[in-house]
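Structure below is input.pdb: PDB, C-alpha atoms.
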ATOM      1  CA  ALA O   4     -16.915 -21.995 -15.627
ATOM      2  CA  ALA O   5     -14.236 -21.587 -18.317
ATOM      3  CA  ARG O   6     -15.019 -25.056 -19.676
ATOM      4  CA  MET O   7     -18.706 -24.138 -19.920
ATOM      5  CA  ARG O   8     -17.862 -20.846 -21.656
ATOM      6  CA  GLU O   9     -15.740 -22.694 -24.207
ATOM      7  CA  ARG O  10     -18.354 -25.395 -24.761
ATOM      8  CA  TRP O  11     -21.207 -22.953 -25.325
ATOM      9  CA  GLY O  12     -19.224 -20.170 -26.995
ATOM     10  CA  VAL O  13     -19.877 -17.695 -24.188
ATOM     11  CA  PRO O  14     -17.421 -14.778 -24.034
ATOM     12  CA  GLY O  15     -14.982 -14.705 -21.136
ATOM     13  CA  MET O  16     -11.862 -16.374 -19.782
ATOM     14  CA  ASP O  17     -10.950 -19.636 -21.514
ATOM     15  CA  VAL O  18      -9.628 -22.769 -19.809
ATOM     16  CA  GLU O  19      -5.935 -22.176 -20.592
ATOM     17  CA  THR O  20      -6.076 -18.643 -19.190
ATOM     18  CA  ALA O  21      -7.956 -19.807 -16.081
ATOM     19  CA  ILE O  22      -5.305 -22.475 -15.411
ATOM     20  CA  GLY O  23      -2.694 -19.702 -15.343
ATOM     21  CA  PHE O  24      -4.578 -18.136 -12.439
ATOM     22  CA  ARG O  25      -5.178 -21.417 -10.532
ATOM     23  CA  ASP O  26      -2.043 -23.541 -10.950
ATOM     24  CA  LYS O  27       0.704 -21.803  -8.966
ATOM     25  CA  VAL O  28       3.619 -23.384 -10.828
ATOM     26  CA  ARG O  29       2.165 -22.711 -14.301
ATOM     27  CA  MET O  30       1.326 -19.188 -13.107
ATOM     28  CA  LYS O  31       4.936 -18.533 -12.120
ATOM     29  CA  GLU O  32       6.241 -20.070 -15.363
ATOM     30  CA  ARG O  33       4.061 -17.743 -17.452
ATOM     31  CA  VAL O  34       5.005 -14.676 -15.418
ATOM     32  CA  ALA O  35       8.718 -15.576 -15.586
ATOM     33  CA  ALA O  36       8.422 -16.102 -19.362
ATOM     34  CA  ALA O  37       7.329 -12.457 -19.574
ATOM     35  CA  GLY O  38      10.665 -11.458 -18.017
ATOM     36  CA  LEU O  39       9.267 -10.670 -14.563
ATOM     37  CA  ARG O  40      10.917 -11.642 -11.252
ATOM     38  CA  VAL O  41       9.291 -14.646  -9.607
ATOM     39  CA  PRO O  42      10.528 -17.046  -6.941
ATOM     40  CA  GLU O  43      11.920 -20.247  -8.434
ATOM     41  CA  ALA O  44       9.169 -22.876  -8.158
ATOM     42  CA  VAL O  45       9.089 -26.633  -8.738
ATOM     43  CA  ARG O  46       6.053 -28.936  -8.866
ATOM     44  CA  ALA O  47       6.220 -32.080  -6.689
ATOM     45  CA  ALA O  48       3.752 -34.960  -6.355
ATOM     46  CA  THR O  49       5.876 -37.482  -4.427
ATOM     47  CA  ILE O  50       8.226 -37.322  -1.459
ATOM     48  CA  ALA O  51      11.134 -38.073  -3.823
ATOM     49  CA  GLU O  52      10.126 -35.080  -5.972
ATOM     50  CA  VAL O  53       9.847 -32.878  -2.873
ATOM     51  CA  LEU O  54      13.354 -33.890  -1.765
ATOM     52  CA  ALA O  55      14.778 -33.290  -5.262
ATOM     53  CA  ALA O  56      13.150 -29.839  -5.399
ATOM     54  CA  VAL O  57      14.482 -28.954  -1.946
ATOM     55  CA  GLU O  58      17.968 -30.006  -3.052
ATOM     56  CA  ARG O  59      17.668 -27.796  -6.142
ATOM     57  CA  ILE O  60      16.217 -24.692  -4.440
ATOM     58  CA  GLY O  61      17.889 -24.872  -1.026
ATOM     59  CA  TYR O  62      16.787 -23.497   2.351
ATOM     60  CA  PRO O  63      14.878 -21.460   3.303
ATOM     61  CA  LEU O  64      11.936 -22.301   1.046
ATOM     62  CA  ILE O  65       8.155 -22.362   0.929
ATOM     63  CA  ILE O  66       5.947 -25.417   0.386
ATOM     64  CA  LYS O  67       2.343 -24.769  -0.631
ATOM     65  CA  PRO O  68      -0.527 -26.449  -2.499
ATOM     66  CA  ILE O  69      -0.636 -25.970  -6.279
ATOM     67  CA  ALA O  70      -4.218 -24.649  -6.082
ATOM     68  CA  GLY O  71      -4.502 -23.423  -2.486
ATOM     69  CA  ALA O  72      -5.781 -20.172  -1.038
ATOM     70  CA  GLY O  73      -5.422 -18.079   2.094
ATOM     71  CA  SER O  74      -2.021 -19.619   2.976
ATOM     72  CA  ALA O  75      -3.699 -22.871   4.070
ATOM     73  CA  ASP O  76      -1.192 -25.761   4.022
ATOM     74  CA  THR O  77       1.629 -23.271   3.336
ATOM     75  CA  TYR O  78       4.855 -23.700   5.260
ATOM     76  CA  ARG O  79       8.199 -21.926   5.500
ATOM     77  CA  ILE O  80      10.924 -24.540   5.701
ATOM     78  CA  GLY O  81      14.285 -23.471   7.091
ATOM     79  CA  SER O  82      16.038 -26.791   7.631
ATOM     80  CA  GLU O  83      15.981 -30.534   7.030
ATOM     81  CA  GLU O  84      14.398 -30.936  10.474
ATOM     82  CA  ASP O  85      11.546 -28.567   9.485
ATOM     83  CA  LEU O  86      11.053 -30.563   6.292
ATOM     84  CA  ARG O  87      10.822 -33.904   8.161
ATOM     85  CA  HIS O  88       8.197 -32.354  10.453
ATOM     86  CA  ILE O  89       6.103 -30.919   7.580
ATOM     87  CA  ILE O  90       6.147 -33.770   5.024
ATOM     88  CA  PRO O  91       3.502 -35.827   6.898
ATOM     89  CA  ARG O  92       1.184 -32.770   6.848
ATOM     90  CA  LEU O  93       1.319 -32.739   3.025
ATOM     91  CA  ARG O  94       0.026 -36.275   2.426
ATOM     92  CA  HIS O  95      -3.551 -35.134   1.731
ATOM     93  CA  LEU O  96      -2.360 -32.870  -1.124
ATOM     94  CA  PRO O  97      -2.016 -34.411  -4.617
ATOM     95  CA  GLU O  98       0.870 -32.079  -5.453
ATOM     96  CA  VAL O  99       2.684 -29.091  -4.023
ATOM     97  CA  SER O 100       4.831 -26.209  -5.146
ATOM     98  CA  ILE O 101       8.308 -25.954  -3.651
ATOM     99  CA  GLU O 102       9.398 -22.312  -3.899
ATOM    100  CA  GLU O 103      12.351 -20.081  -3.194
ATOM    101  CA  PHE O 104      11.749 -18.016  -0.046
ATOM    102  CA  VAL O 105      11.819 -14.283  -0.776
ATOM    103  CA  THR O 106      12.682 -11.886   2.036
ATOM    104  CA  GLY O 107      10.770  -8.632   2.043
ATOM    105  CA  GLU O 108       7.594  -6.816   2.945
ATOM    106  CA  GLU O 109       4.413  -8.470   1.662
ATOM    107  CA  LEU O 110       1.879  -6.301  -0.134
ATOM    108  CA  THR O 111      -1.118  -6.811  -2.392
ATOM    109  CA  TYR O 112      -2.110  -5.392  -5.737
ATOM    110  CA  ASP O 113      -5.873  -5.585  -6.283
ATOM    111  CA  THR O 114      -7.706  -4.552  -9.426
ATOM    112  CA  VAL O 115     -10.944  -4.335 -11.289
ATOM    113  CA  CYS O 116     -10.114  -4.900 -14.969
ATOM    114  CA  ILE O 117     -12.013  -4.180 -18.151
ATOM    115  CA  GLY O 118     -10.517  -5.440 -21.385
ATOM    116  CA  GLY O 119      -7.322  -6.372 -19.535
ATOM    117  CA  GLU O 120      -6.767  -2.828 -18.256
ATOM    118  CA  PRO O 121      -7.043  -2.030 -14.549
ATOM    119  CA  VAL O 122      -9.728   0.622 -14.103
ATOM    120  CA  TYR O 123      -9.360   0.408 -10.318
ATOM    121  CA  GLU O 124      -6.144  -0.368  -8.451
ATOM    122  CA  ASN O 125      -5.461  -0.822  -4.756
ATOM    123  CA  VAL O 126      -2.279  -1.618  -2.814
ATOM    124  CA  THR O 127      -2.429  -2.987   0.720
ATOM    125  CA  HIS O 128       0.391  -3.735   3.152
ATOM    126  CA  TYR O 129       0.128  -6.804   5.418
ATOM    127  CA  PHE O 130       1.322  -6.489   9.051
ATOM    128  CA  PRO O 131       2.633  -9.059   9.889
ATOM    129  CA  PRO O 132       3.024 -11.178   6.746
ATOM    130  CA  PRO O 133       0.248 -13.825   6.437
ATOM    131  CA  LEU O 134       2.525 -16.784   7.242
ATOM    132  CA  ILE O 135       3.497 -15.238  10.560
ATOM    133  CA  ALA O 136      -0.104 -14.336  11.400
ATOM    134  CA  ARG O 137      -1.276 -17.850  10.494
ATOM    135  CA  ARG O 138       1.373 -19.527  12.688
ATOM    136  CA  ASN O 139       0.604 -17.227  15.635
ATOM    137  CA  GLU O 140      -3.159 -17.125  15.969
ATOM    138  CA  TRP O 141      -2.940 -14.739  18.922
ATOM    139  CA  VAL O 142      -1.698 -12.066  16.492
ATOM    140  CA  SER O 143      -4.368  -9.698  15.182
ATOM    141  CA  PRO O 144      -3.143  -8.984  11.645
ATOM    142  CA  ILE O 145      -3.577  -5.547  10.134
ATOM    143  CA  SER O 146      -4.036  -4.680   6.466
ATOM    144  CA  VAL O 147      -3.183  -1.075   5.679
ATOM    145  CA  THR O 148      -4.444   0.330   2.392
ATOM    146  CA  ILE O 149      -1.967   2.706   0.808
ATOM    147  CA  ARG O 150      -3.776   5.903  -0.047
ATOM    148  CA  ASP O 151      -1.153   7.493  -2.312
ATOM    149  CA  LEU O 152      -0.444   5.186  -5.251
ATOM    150  CA  ALA O 153       2.137   7.691  -6.513
ATOM    151  CA  ARG O 154       4.524   6.735  -3.689
ATOM    152  CA  PRO O 155       7.919   5.853  -5.227
ATOM    153  CA  ASP O 156       8.366   2.784  -3.006
ATOM    154  CA  ILE O 157       5.286   1.033  -4.446
ATOM    155  CA  ALA O 158       5.882   2.027  -8.085
ATOM    156  CA  PRO O 159       7.784  -1.231  -8.788
ATOM    157  CA  GLY O 160       4.819  -3.246  -7.447
ATOM    158  CA  LEU O 161       2.306  -1.358  -9.582
ATOM    159  CA  ALA O 162       4.452  -1.911 -12.693
ATOM    160  CA  LEU O 163       4.870  -5.581 -11.793
ATOM    161  CA  GLY O 164       1.140  -6.044 -11.208
ATOM    162  CA  ARG O 165       0.176  -4.489 -14.525
ATOM    163  CA  ALA O 166       2.745  -6.635 -16.353
ATOM    164  CA  VAL O 167       1.483  -9.787 -14.584
ATOM    165  CA  LEU O 168      -2.084  -9.054 -15.727
ATOM    166  CA  SER O 169      -0.837  -8.845 -19.293
ATOM    167  CA  ALA O 170       1.353 -11.964 -19.004
ATOM    168  CA  LEU O 171      -1.559 -14.047 -17.713
ATOM    169  CA  GLY O 172      -4.093 -12.726 -20.216
ATOM    170  CA  MET O 173      -6.484 -11.055 -17.786
ATOM    171  CA  ASP O 174      -9.585  -9.631 -19.462
ATOM    172  CA  ASP O 175     -12.618  -8.547 -17.389
ATOM    173  CA  GLY O 176     -12.941  -9.165 -13.661
ATOM    174  CA  PHE O 177     -11.356  -8.736 -10.247
ATOM    175  CA  THR O 178      -7.820  -9.726  -9.237
ATOM    176  CA  HIS O 179      -5.905 -10.066  -5.987
ATOM    177  CA  MET O 180      -2.119 -10.395  -6.193
ATOM    178  CA  GLU O 181       0.551 -10.724  -3.520
ATOM    179  CA  TRP O 182       3.994  -9.308  -4.140
ATOM    180  CA  PHE O 183       7.139  -8.700  -2.137
ATOM    181  CA  LEU O 184       9.156  -5.530  -1.791
ATOM    182  CA  THR O 185      12.706  -6.687  -1.074
ATOM    183  CA  PRO O 186      15.132  -4.661   1.069
ATOM    184  CA  SER O 187      16.832  -3.552  -2.190
ATOM    185  CA  GLY O 188      13.512  -2.140  -3.510
ATOM    186  CA  GLU O 189      12.882  -4.928  -6.035
ATOM    187  CA  ALA O 190       9.288  -6.064  -6.615
ATOM    188  CA  VAL O 191       8.932  -9.858  -6.709
ATOM    189  CA  PHE O 192       5.747 -11.619  -7.809
ATOM    190  CA  GLY O 193       4.077 -13.850  -5.214
ATOM    191  CA  GLU O 194       0.836 -15.135  -6.728
ATOM    192  CA  ILE O 195      -2.444 -13.902  -8.128
ATOM    193  CA  GLY O 196      -6.056 -15.004  -8.166
ATOM    194  CA  CYS O 197      -8.993 -13.676 -10.130
ATOM    195  CA  ARG O 198     -12.747 -13.682 -10.452
ATOM    196  CA  PRO O 199     -13.526 -13.327 -14.163
ATOM    197  CA  GLY O 200     -16.291 -10.948 -15.154
TER     198      GLY O 200
END
Could I get this structure in the form of structure tokens?
Amino acid sequence: AARMRERWGVPGMDVETAIGFRDKVRMKERVAAAGLRVPEAVRAATIAEVLAAVERIGYPLIIKPIAGAGSADTYRIGSEEDLRHIIPRLRHLPEVSIEEFVTGEELTYDTVCIGGEPVYENVTHYFPPPLIARRNEWVSPISVTIRDLARPDIAPGLALGRAVLSALGMDDGFTHMEWFLTPSGEAVFGEIGCRPG
């Protein structure tokens, strides 16, 4: 859609901005460049690149598709044995992101934006985190919407989310971002997706 907008001069998100919302490594690079806390992430397209990234980042870590959604093909790797078991499951993916594992509660920051400003904001808490729910299909996950956005414990996530929108050049549309609240109270960016207006 961004390519068509550029070609025909239609207002809206351009290709470079859209890539920042689709490519998970580029996304994290842009957010980190804005001085925001993100997990270290490395792009890998071969087994040799995966192994080099694992060596650099260390265990535990996360492996996920560059342009995936809904935690499909996303794995937490805690050891070399885990890695040997998971590598064959990645062969259908052209490239993956190898990421630092962040310990903390997983929440969302959802918005409706006009002119880059959130005119509607929502924070939801996942119980259990999506990776646990996905690995244990017998679990019925719960998403709890936080009613009071003035709660001090979510203030770092709101500030992070607003700064991420700015760093990625969000204009008009809807966004859905995951973030982590660490035991020390730090907000760490997970990833974000959008539907441009």
Leaving out Leu184 of chain O and any residue of its chain fewer than 4 positions from it, which residues lie within 10 Å of it when counting all atoms listed in the file, given as a PyMOL selection string?
chain O and resi 105-110+156-157+159-160+188-192
Nearest residue to Arg6 of chain O out of O:Val18, O:Leu39, O:Ile195, O:Trp141, using only C-alpha atoms?
O:Val18
Using only C-alpha atoms, which of O:Glu98, O:Glu32, O:Val13, O:His179 sits nearest Ala51 of chain O?
O:Glu98
Top pick for closest residue to Arg150 of chain O, considering O:Ala75, O:Val45, O:Val126, O:Leu134 and counting all atoms listed in the file:
O:Val126
Could you check the closest approach to Ala166 of chain O for each of O:Ile65, O:Met16, O:Ala36, O:Val28 and tell me which residue wins, using all atoms listed in the file?
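Closest candidate: O:Ala36.
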Under the PyMOL selection byres ((chain O and resi 197) around 6), which residues of this model are included? Write them out as number ranges by chain.
O: 177-178, 196, 198
Name all residues at most 8 Å from Tyr123 of chain O (count all atoms listed in the file; drop same-chain ones fewer than 5 positions away) and give them as a PyMOL selection string.
chain O and resi 114-116
Kindly resolve the PyMOL selection byres ((chain O and resi 83-94) around 10) on the present coordinates and return the residues as a short mmCIF file (atom, residue, chain, number, x, y, z; two decimals) with C-alpha atoms, keeping the file's coordinate frame.
data_model
loop_
_atom_site.label_atom_id
_atom_site.label_comp_id
_atom_site.auth_asym_id
_atom_site.auth_seq_id
_atom_site.Cartn_x
_atom_site.Cartn_y
_atom_site.Cartn_z
CA ALA O 48 3.75 -34.96 -6.36
CA THR O 49 5.88 -37.48 -4.43
CA ILE O 50 8.23 -37.32 -1.46
CA VAL O 53 9.85 -32.88 -2.87
CA LEU O 54 13.35 -33.89 -1.76
CA VAL O 57 14.48 -28.95 -1.95
CA TYR O 62 16.79 -23.50 2.35
CA PRO O 63 14.88 -21.46 3.30
CA LEU O 64 11.94 -22.30 1.05
CA ILE O 66 5.95 -25.42 0.39
CA LYS O 67 2.34 -24.77 -0.63
CA PRO O 68 -0.53 -26.45 -2.50
CA ASP O 76 -1.19 -25.76 4.02
CA THR O 77 1.63 -23.27 3.34
CA TYR O 78 4.86 -23.70 5.26
CA ARG O 79 8.20 -21.93 5.50
CA ILE O 80 10.92 -24.54 5.70
CA GLY O 81 14.28 -23.47 7.09
CA SER O 82 16.04 -26.79 7.63
CA HIS O 95 -3.55 -35.13 1.73
CA LEU O 96 -2.36 -32.87 -1.12
CA PRO O 97 -2.02 -34.41 -4.62
CA GLU O 98 0.87 -32.08 -5.45
CA VAL O 99 2.68 -29.09 -4.02
#
Which value, in Å to one decimal, gives the distance between atom CA of Arg154 of chain O and atom CA of Tyr112 of chain O?
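Atom CA of Tyr112 of chain O lies 14.0 Å from atom CA of Arg154 of chain O.
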Convert the output of the PyMOL selection byres ((chain O and resi 5) around 12) on the shown file into explicit residues, formatted as an MDAnalysis selection string.
chainID O and resid 4 6:22 24:25 198:200
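Proximity of O:Gly23, O:Pro121, O:Gly61, O:Pro42 to Trp182 of chain O, computed with only C-alpha atoms, is greatest for O:Pro42.
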Rounded to one decimal in Å, what is the spacing between atom CA of Val122 of chain O and atom CA of Ser74 of chain O?
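Between these atoms lies a distance of 27.6 Å.
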Report, in Å to a single decimal, how far apart atom CA of Tyr129 of chain O and atom CA of Val142 of chain O are.
12.4 Å
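With distances taken over all atoms listed in the file, O:Arg165 is the one residue among O:Lys31, O:Arg165, O:Arg40, O:Arg137 lying closest to Glu120 of chain O.
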Because the input lacks atoms here, generate all heavy atoms for segment 27-38 of chain O and report them as a CSV table (one decimal), keeping the file's coordinate frame.
chain,number,residue,atom,x,y,z
O,27,LYS,N,-0.3,-22.7,-9.4
O,27,LYS,CA,0.7,-21.8,-9.0
O,27,LYS,C,2.0,-22.0,-9.7
O,27,LYS,O,2.8,-21.0,-9.9
O,27,LYS,CB,0.9,-21.9,-7.5
O,27,LYS,CG,-0.4,-21.4,-6.7
O,27,LYS,CD,-0.3,-21.4,-5.3
O,27,LYS,CE,-1.6,-21.0,-4.7
O,27,LYS,NZ,-1.6,-20.9,-3.2
O,28,VAL,N,2.4,-23.2,-10.1
O,28,VAL,CA,3.6,-23.4,-10.8
O,28,VAL,C,3.5,-22.9,-12.3
O,28,VAL,O,4.3,-22.1,-12.7
O,28,VAL,CB,4.1,-24.9,-10.8
O,28,VAL,CG1,5.3,-25.1,-11.7
O,28,VAL,CG2,4.4,-25.3,-9.4
O,29,ARG,N,2.4,-23.2,-12.9
O,29,ARG,CA,2.2,-22.7,-14.3
O,29,ARG,C,2.1,-21.2,-14.3
O,29,ARG,O,2.6,-20.5,-15.2
O,29,ARG,CB,0.9,-23.3,-14.9
O,29,ARG,CG,0.9,-24.8,-15.0
O,29,ARG,CD,1.1,-25.4,-16.4
O,29,ARG,NE,0.3,-25.0,-17.5
O,29,ARG,CZ,-0.8,-25.6,-17.9
O,29,ARG,NH1,-1.3,-26.6,-17.3
O,29,ARG,NH2,-1.4,-25.2,-19.0
O,30,MET,N,1.4,-20.6,-13.3
O,30,MET,CA,1.3,-19.2,-13.1
O,30,MET,C,2.7,-18.6,-13.1
O,30,MET,O,3.0,-17.6,-13.8
O,30,MET,CB,0.6,-18.9,-11.8
O,30,MET,CG,0.5,-17.5,-11.4
O,30,MET,SD,-0.1,-17.3,-9.6
O,30,MET,CE,-1.7,-18.1,-9.7
O,31,LYS,N,3.6,-19.1,-12.2
O,31,LYS,CA,4.9,-18.5,-12.1
O,31,LYS,C,5.7,-18.7,-13.4
O,31,LYS,O,6.5,-17.9,-13.8
O,31,LYS,CB,5.6,-19.1,-10.9
O,31,LYS,CG,5.1,-18.5,-9.6
O,31,LYS,CD,5.8,-19.1,-8.4
O,31,LYS,CE,5.4,-18.4,-7.1
O,31,LYS,NZ,4.0,-18.5,-6.8
O,32,GLU,N,5.5,-19.8,-14.1
O,32,GLU,CA,6.2,-20.1,-15.4
O,32,GLU,C,5.8,-19.0,-16.4
O,32,GLU,O,6.7,-18.5,-17.1
O,32,GLU,CB,5.9,-21.5,-15.9
O,32,GLU,CG,6.6,-22.6,-15.1
O,32,GLU,CD,6.1,-24.0,-15.4
O,32,GLU,OE1,5.1,-24.1,-16.2
O,32,GLU,OE2,6.7,-24.9,-14.9
O,33,ARG,N,4.5,-18.7,-16.5
O,33,ARG,CA,4.1,-17.7,-17.5
O,33,ARG,C,4.5,-16.3,-17.1
O,33,ARG,O,4.9,-15.6,-18.0
O,33,ARG,CB,2.5,-17.8,-17.5
O,33,ARG,CG,2.0,-19.1,-18.2
O,33,ARG,CD,0.5,-19.1,-18.2
O,33,ARG,NE,0.1,-20.4,-18.7
O,33,ARG,CZ,-1.1,-20.8,-18.8
O,33,ARG,NH1,-2.1,-20.0,-18.5
O,33,ARG,NH2,-1.4,-22.0,-19.3
O,34,VAL,N,4.5,-16.0,-15.8
O,34,VAL,CA,5.0,-14.7,-15.4
O,34,VAL,C,6.5,-14.5,-15.7
O,34,VAL,O,7.0,-13.5,-16.2
O,34,VAL,CB,4.6,-14.4,-13.9
O,34,VAL,CG1,5.3,-13.1,-13.4
O,34,VAL,CG2,3.1,-14.3,-13.8
O,35,ALA,N,7.3,-15.6,-15.3
O,35,ALA,CA,8.7,-15.6,-15.6
O,35,ALA,C,9.0,-15.5,-17.1
O,35,ALA,O,10.0,-14.8,-17.5
O,35,ALA,CB,9.4,-16.8,-15.0
O,36,ALA,N,8.2,-16.1,-17.9
O,36,ALA,CA,8.4,-16.1,-19.4
O,36,ALA,C,8.2,-14.7,-19.9
O,36,ALA,O,8.8,-14.4,-21.0
O,36,ALA,CB,7.5,-17.1,-20.1
O,37,ALA,N,7.5,-13.9,-19.2
O,37,ALA,CA,7.3,-12.5,-19.6
O,37,ALA,C,8.5,-11.6,-19.1
O,37,ALA,O,8.4,-10.4,-19.2
O,37,ALA,CB,6.0,-11.9,-19.0
O,38,GLY,N,9.5,-12.2,-18.5
O,38,GLY,CA,10.7,-11.5,-18.0
O,38,GLY,C,10.5,-10.8,-16.7
O,38,GLY,O,11.3,-9.9,-16.3
